[in-house]
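This is structure_34.txt (compact mmCIF, C-alpha atoms).
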# COMPACT_ATOMS: atom_id res chain seq x y z
CA MET K 20 1.77 -9.66 -3.00
CA THR K 21 4.09 -7.50 -0.89
CA VAL K 22 7.45 -6.88 -2.53
CA ARG K 23 10.27 -7.67 -0.13
CA ARG K 24 13.01 -5.05 -0.10
CA ALA K 25 16.45 -4.99 1.47
CA PRO K 26 19.17 -2.31 1.72
CA ILE K 27 22.45 -3.48 0.13
CA PRO K 28 25.44 -1.11 0.35
CA SER K 29 27.67 -0.77 -2.73
CA LEU K 30 25.05 -2.47 -4.90
CA SER K 31 26.29 -3.77 -8.28
CA PRO K 32 25.12 -6.38 -10.84
CA GLY K 33 26.27 -9.99 -10.57
CA GLU K 34 26.55 -12.63 -7.89
CA ARG K 35 27.82 -11.67 -4.46
CA ARG K 36 28.23 -13.41 -1.12
CA LEU K 37 26.73 -11.51 1.79
CA GLU K 38 27.49 -12.07 5.45
CA GLY K 39 26.98 -10.50 8.86
CA PRO K 40 23.91 -8.34 9.57
CA ILE K 41 22.84 -8.21 5.90
CA ALA K 42 22.77 -12.01 5.53
CA HIS K 43 20.99 -12.28 8.89
CA TYR K 44 18.35 -9.80 7.74
CA LEU K 45 17.72 -11.65 4.47
CA GLY K 46 17.63 -15.11 6.01
CA ARG K 47 16.13 -14.56 9.45
CA VAL K 48 13.99 -11.43 9.08
CA LEU K 49 12.77 -11.72 5.47
CA ARG K 50 13.05 -15.55 5.63
CA LEU K 51 14.40 -15.80 2.09
CA ARG K 52 15.37 -19.20 0.72
CA SER K 53 17.21 -20.31 -2.43
CA GLY K 54 15.45 -18.96 -5.51
CA ASP K 55 13.41 -16.31 -3.66
CA PRO K 56 13.21 -12.89 -5.34
CA PHE K 57 13.44 -9.50 -3.65
CA VAL K 58 14.31 -5.91 -4.53
CA ALA K 59 17.71 -4.65 -3.39
CA PHE K 60 18.39 -0.94 -3.03
CA ASP K 61 21.47 1.08 -2.20
CA PRO K 62 20.56 3.79 0.36
CA ALA K 63 23.59 5.87 -0.59
CA THR K 64 23.01 6.07 -4.36
CA GLY K 65 19.25 5.58 -4.69
CA LEU K 66 19.77 2.75 -7.22
CA GLU K 67 17.93 -0.56 -7.00
CA ALA K 68 17.91 -3.94 -8.73
CA ASP K 69 15.91 -7.15 -8.87
CA ALA K 70 17.71 -9.82 -6.85
CA THR K 71 17.45 -13.56 -6.33
CA THR K 72 18.93 -15.62 -3.53
CA VAL K 73 21.22 -18.36 -4.86
CA ARG K 74 22.08 -20.33 -1.75
CA ALA K 75 22.36 -19.96 2.00
CA GLU K 76 25.45 -21.30 3.73
CA GLY K 77 25.25 -20.94 7.49
CA ALA K 78 25.74 -17.28 8.34
CA THR K 79 26.33 -16.27 4.71
CA MET K 80 24.06 -15.96 1.68
CA SER K 81 24.85 -15.77 -2.03
CA VAL K 82 22.66 -13.42 -4.05
CA ARG K 83 22.49 -12.61 -7.76
CA PHE K 84 21.72 -8.97 -8.56
CA GLY K 85 20.29 -7.76 -11.86
CA GLU K 86 20.95 -4.52 -13.71
CA LEU K 87 20.80 -1.32 -11.69
CA ARG K 88 18.03 1.21 -12.21
CA PRO K 89 16.96 4.44 -10.54
CA GLY K 90 14.73 3.69 -7.57
CA ALA K 91 11.77 5.61 -6.23
CA ARG K 92 13.15 8.72 -4.58
CA ALA K 93 11.50 10.92 -2.03
CA ARG K 94 10.94 13.99 -4.19
CA SER K 95 12.73 15.91 -6.92
CA ALA K 96 13.91 18.74 -4.64
CA GLU K 97 16.12 18.60 -1.59
CA ALA K 98 14.40 18.92 1.78
CA THR K 99 16.59 19.48 4.84
CA TRP K 100 15.07 19.20 8.32
CA ILE K 101 16.94 20.82 11.24
CA GLN K 102 15.54 19.53 14.51
CA GLY K 103 16.25 20.79 18.00
CA LEU K 104 17.55 17.79 19.93
CA ALA K 105 14.65 16.30 21.87
CA LYS K 106 14.39 14.00 24.88
CA GLY K 107 13.82 10.24 25.03
CA ASN K 108 12.94 8.45 21.81
CA LYS K 109 11.31 11.49 20.20
CA CYS K 110 14.20 11.90 17.76
CA ASP K 111 13.72 8.30 16.62
CA ALA K 112 10.12 9.10 15.70
CA ILE K 113 11.14 12.33 13.97
CA VAL K 114 13.68 10.47 11.82
CA ARG K 115 11.06 7.89 10.79
CA ASP K 116 8.47 10.52 9.92
CA ALA K 117 10.92 12.76 8.08
CA THR K 118 12.22 9.83 6.05
CA GLU K 119 8.75 8.62 5.06
CA LEU K 120 7.70 12.16 4.12
CA GLY K 121 10.66 12.93 1.89
CA ALA K 122 13.44 14.61 3.85
CA THR K 123 16.80 14.24 2.13
CA ARG K 124 18.89 15.44 5.09
CA ILE K 125 18.25 15.55 8.84
CA VAL K 126 20.37 17.71 11.13
CA PHE K 127 20.01 17.65 14.92
CA ALA K 128 20.75 20.96 16.62
CA VAL K 129 21.70 21.72 20.22
CA SER K 130 19.90 24.89 21.26
CA ARG K 131 19.70 26.74 24.57
CA ARG K 132 16.59 24.85 25.68
CA THR K 133 17.97 21.45 24.73
CA VAL K 134 17.83 19.15 27.75
CA VAL K 135 19.85 16.21 26.36
CA LYS K 136 23.62 16.51 26.81
CA LEU K 137 25.85 14.56 24.40
CA ASP K 138 29.61 14.48 24.04
CA GLY K 139 31.41 13.60 20.80
CA ALA K 140 31.27 9.82 21.26
CA SER K 141 27.65 9.66 22.40
CA GLY K 142 26.64 12.10 19.67
CA GLU K 143 28.19 9.89 17.01
CA ALA K 144 26.52 6.83 18.51
CA ARG K 145 23.14 8.57 18.31
CA ARG K 146 23.83 9.60 14.72
CA ALA K 147 24.62 6.01 13.76
CA ARG K 148 21.40 4.85 15.43
CA TRP K 149 19.32 7.47 13.61
CA ALA K 150 20.97 6.58 10.30
CA ARG K 151 19.93 2.93 10.82
CA ILE K 152 16.39 4.05 11.63
CA ALA K 153 16.35 6.16 8.44
CA ARG K 154 17.50 3.21 6.31
CA GLU K 155 14.83 0.98 7.82
CA ALA K 156 12.13 3.62 7.31
CA ALA K 157 13.27 4.04 3.69
CA ARG K 158 12.96 0.29 3.16
CA GLN K 159 9.49 0.16 4.67
CA CYS K 160 8.09 3.08 2.69
CA GLY K 161 9.65 2.04 -0.63
CA ARG K 162 12.28 4.77 -0.95
CA ALA K 163 15.48 3.74 -2.66
CA ASP K 164 17.39 6.57 -0.99
CA ALA K 165 17.76 7.27 2.71
CA PRO K 166 18.30 10.77 4.08
CA ILE K 167 21.71 11.86 5.31
CA VAL K 168 21.68 12.16 9.10
CA ASP K 169 24.14 14.57 10.72
CA ALA K 170 25.52 14.27 14.24
CA PRO K 171 24.18 16.84 16.71
CA ALA K 172 25.71 20.30 16.24
CA PRO K 173 25.24 23.70 17.90
CA TRP K 174 22.26 25.70 16.61
CA SER K 175 24.49 28.23 14.85
CA GLU K 176 26.49 25.51 13.07
CA ALA K 177 23.36 23.59 12.07
CA LEU K 178 21.95 26.70 10.39
CA SER K 179 25.20 27.27 8.51
CA ARG K 180 25.00 23.80 6.92
CA VAL K 181 22.24 25.02 4.59
CA ASP K 182 23.25 27.42 1.85
CA ASP K 183 21.24 30.37 0.60
CA ALA K 184 20.15 28.53 -2.55
CA HIS K 185 17.52 26.90 -0.35
CA ALA K 186 14.16 28.32 0.59
CA ARG K 187 14.84 28.40 4.35
CA PHE K 188 12.10 28.54 6.98
CA CYS K 189 12.58 28.85 10.74
CA LEU K 190 9.44 27.57 12.45
CA TRP K 191 8.58 29.58 15.56
CA GLU K 192 5.42 29.84 17.63
CA GLY K 193 5.90 33.61 17.99
CA ALA K 194 6.01 34.27 14.25
CA VAL K 195 3.25 36.26 12.53
CA VAL K 196 4.04 35.31 8.91
CA PRO K 197 2.23 32.11 7.80
CA LEU K 198 4.30 29.38 6.18
CA ALA K 199 1.64 28.33 3.66
CA ALA K 200 1.92 30.94 0.89
CA GLN K 201 5.71 31.09 0.96
CA LEU K 202 6.04 27.31 0.94
CA PHE K 203 3.72 27.03 -2.03
CA ASP K 204 5.77 29.62 -3.90
CA ALA K 205 9.02 27.75 -3.14
CA LEU K 206 7.51 24.49 -4.38
CA ALA K 207 6.33 26.17 -7.57
CA ARG K 208 9.88 27.48 -8.18
CA GLY K 209 11.36 24.04 -7.52
CA ALA K 210 13.67 25.47 -4.88
CA PRO K 211 15.45 23.14 -2.45
CA LEU K 212 13.82 23.43 0.96
CA ALA K 213 15.09 23.70 4.51
CA PHE K 214 13.18 23.90 7.79
CA ALA K 215 14.44 24.53 11.32
CA CYS K 216 12.48 23.58 14.43
CA GLY K 217 13.30 23.92 18.13
CA PRO K 218 13.21 21.25 20.87
CA GLU K 219 10.69 20.99 23.72
CA GLY K 220 10.11 24.52 24.92
CA GLY K 221 10.87 25.99 21.51
CA LEU K 222 13.56 28.45 20.47
CA GLU K 223 14.71 31.53 22.32
CA ARG K 224 14.28 34.91 20.64
CA SER K 225 18.03 35.29 20.20
CA GLU K 226 18.17 31.99 18.28
CA VAL K 227 15.30 33.06 16.06
CA ALA K 228 17.02 36.41 15.49
CA LEU K 229 20.23 34.59 14.51
CA ALA K 230 18.35 32.52 11.93
CA GLU K 231 16.67 35.63 10.55
CA SER K 232 20.00 37.47 10.31
CA ARG K 233 21.31 34.61 8.14
CA GLY K 234 18.46 34.79 5.67
CA TRP K 235 15.99 32.34 7.16
CA THR K 236 12.34 33.37 6.96
CA VAL K 237 10.67 33.13 10.37
CA VAL K 238 7.21 31.61 9.92
CA SER K 239 4.24 30.21 11.81
CA ILE K 240 2.43 26.96 11.08
CA GLY K 241 -0.76 28.02 12.84
CA PRO K 242 -2.24 28.91 16.22
CA LEU K 243 -2.07 25.44 17.78
CA ALA K 244 0.94 24.47 19.90
CA LEU K 245 2.39 21.27 18.45
CA ARG K 246 4.76 18.92 20.23
CA THR K 247 8.25 19.06 18.81
CA GLU K 248 7.96 15.48 17.52
CA THR K 249 4.77 16.42 15.62
CA VAL K 250 6.11 19.39 13.68
CA ALA K 251 8.14 17.43 11.12
CA ALA K 252 5.14 15.27 10.19
CA ALA K 253 2.89 18.33 9.86
CA VAL K 254 5.25 20.39 7.70
CA LEU K 255 6.78 17.65 5.55
CA GLY K 256 3.31 16.17 5.08
CA ALA K 257 2.23 19.49 3.56
CA VAL K 258 5.34 19.45 1.34
CA ARG K 259 4.49 15.98 0.13
CA VAL K 260 0.86 16.81 -0.66
CA TRP K 261 1.42 20.26 -2.15
CA GLY K 262 4.61 19.29 -3.91
CA ALA K 263 3.08 16.40 -5.84
CA PRO K 264 1.76 18.51 -8.75
CA PHE K 265 5.18 20.14 -9.22
CA ASP K 266 7.03 16.79 -9.10
CA ARG K 267 5.12 15.29 -12.04
CA PRO K 268 7.21 14.85 -15.19
CA SER K 269 6.26 17.10 -18.07
CA GLU K 270 4.43 15.45 -20.96
In structure tokens, how does this file's structure come out?
Amino acid sequence: MTVRRAPIPSLSPGERRLEGPIAHYLGRVLRLRSGDPFVAFDPATGLEADATTVRAEGATMSVRFGELRPGARARSAEATWIQGLAKGNKCDAIVRDATELGATRIVFAVSRRTVVKLDGASGEARRARWARIAREAARQCGRADAPIVDAPAPWSEALSRVDDAHARFCLWEGAVVPLAAQLFDALARGAPLAFACGPEGGLERSEVALAESRGWTVVSIGPLALRTETVAAAVLGAVRVWGAPFDRPSE
């Protein structure tokens, strides 16, 4: 039987009346009725609890929440994904893939080859949309935490949002150093990870040089040219598979 899950902000034990989009989601999307169980999770804290609907009253729903417990998180280490702002709905797909594959933070960067132009208001609207997509992807894949999604920022600023405690990799098609060995070493050390990827058309040499001057390692992920919306799935998929042995609790 599939366990129904729902994101509940500010989750706490006890009975609570829900309304608005949350009540609509429980009643209309999940089709919960009085006495139906589900798992509630708080995307901000990563905590979850068993929950039971008490009663539905029009556009509101009363729910009883049990004791809080740590939910299933993406991975033990941080994983930040910096993505060059892409066209159309490509960023939507990148957010979904990055969430399902364990990213803990997603930063969109405006680089010289970025085609999409966003002002402050439209950038914030996009960020809110991507945050909703991340929460939904977290619910679907069973994560109890959703990644933080930053509003689009200039390439230089996006790079500066990751400190030097991270193992930082700038992915570039012109690089000669393979990612594989260095990524495996970072996973073995348990270092927080960060990756930076350009938009359609890639990064300019000056942008790669800027990343390198700030301590990012410029690496290649192989001879094939991947679409920008494919890179996150390829790299974070490797992190998920290779990182599994290092994420196991010690006996």
Q: Find the spatial neighbours of region 116-119 of chain K, counting only C-alpha atoms, within a cut-off of 10 Å - ignore same-chain residues fewer than 2 positions away - and output them as an MDAnalysis selection string.
A: chainID K and resid 93 98:100 110:114 121:125 152:162 164:167 248:256 259
**Q.** Near-region 64-76 of chain K list (12 Å; only C-alpha atoms; drop same-chain fewer than 4 positions) as a PyMOL selection string
**A.** chain K and resi 22-38+42-43+45-47+49-60+80-94+123+154+157-158+161-167
(Q) Applying 12 Å and only C-alpha atoms, which residues near Ala230 (chain K) remain after dropping the ones on its own chain fewer than 2 positions away? List them as a VMD selection string. (A) chain K and resid 101 174 to 179 181 183 187 to 191 213 to 217 222 to 228 232 to 238
**Q.** Nearest to Thr247 (chain K) by atom-to-atom distance, counting all atoms listed in the file, from K:Thr79, K:Asn108, K:Glu97, K:Ala170
**A.**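 Closest candidate: K:Asn108.
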Q. Hey, can you check how far CA of Ala105 (chain K) sits from CA of Arg246 (chain K)?
A. 10.4 Å
Q | Coordinates-based distance that separates CA of Glu231 (chain K) from CA of Val129 (chain K) (Å, one decimal) | A | 17.7 Å
Q.
Using all atoms listed in the file, can you tell me which of K:Gly103, K:Gly221, K:Ile41, K:Ser130 comes closest to Pro173 (chain K)?
A.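 Comparing K:Gly103, K:Gly221, K:Ile41, K:Ser130 against Pro173 (chain K), the winner is K:Ser130.
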Q. In Å, how far is it from CA of Ser141 (chain K) to CA of Val48 (chain K)?
A. 28.4 Å
Box for region 131-136 of chain K - axis-aligned, 3 Å on each of the six sides, all listed atoms - centre and size in Å to one decimal, as AutoDock Vina command-line options.
--center_x 20.1 --center_y 21.5 --center_z 26.2 --size_x 13.0 --size_y 16.5 --size_z 9.2
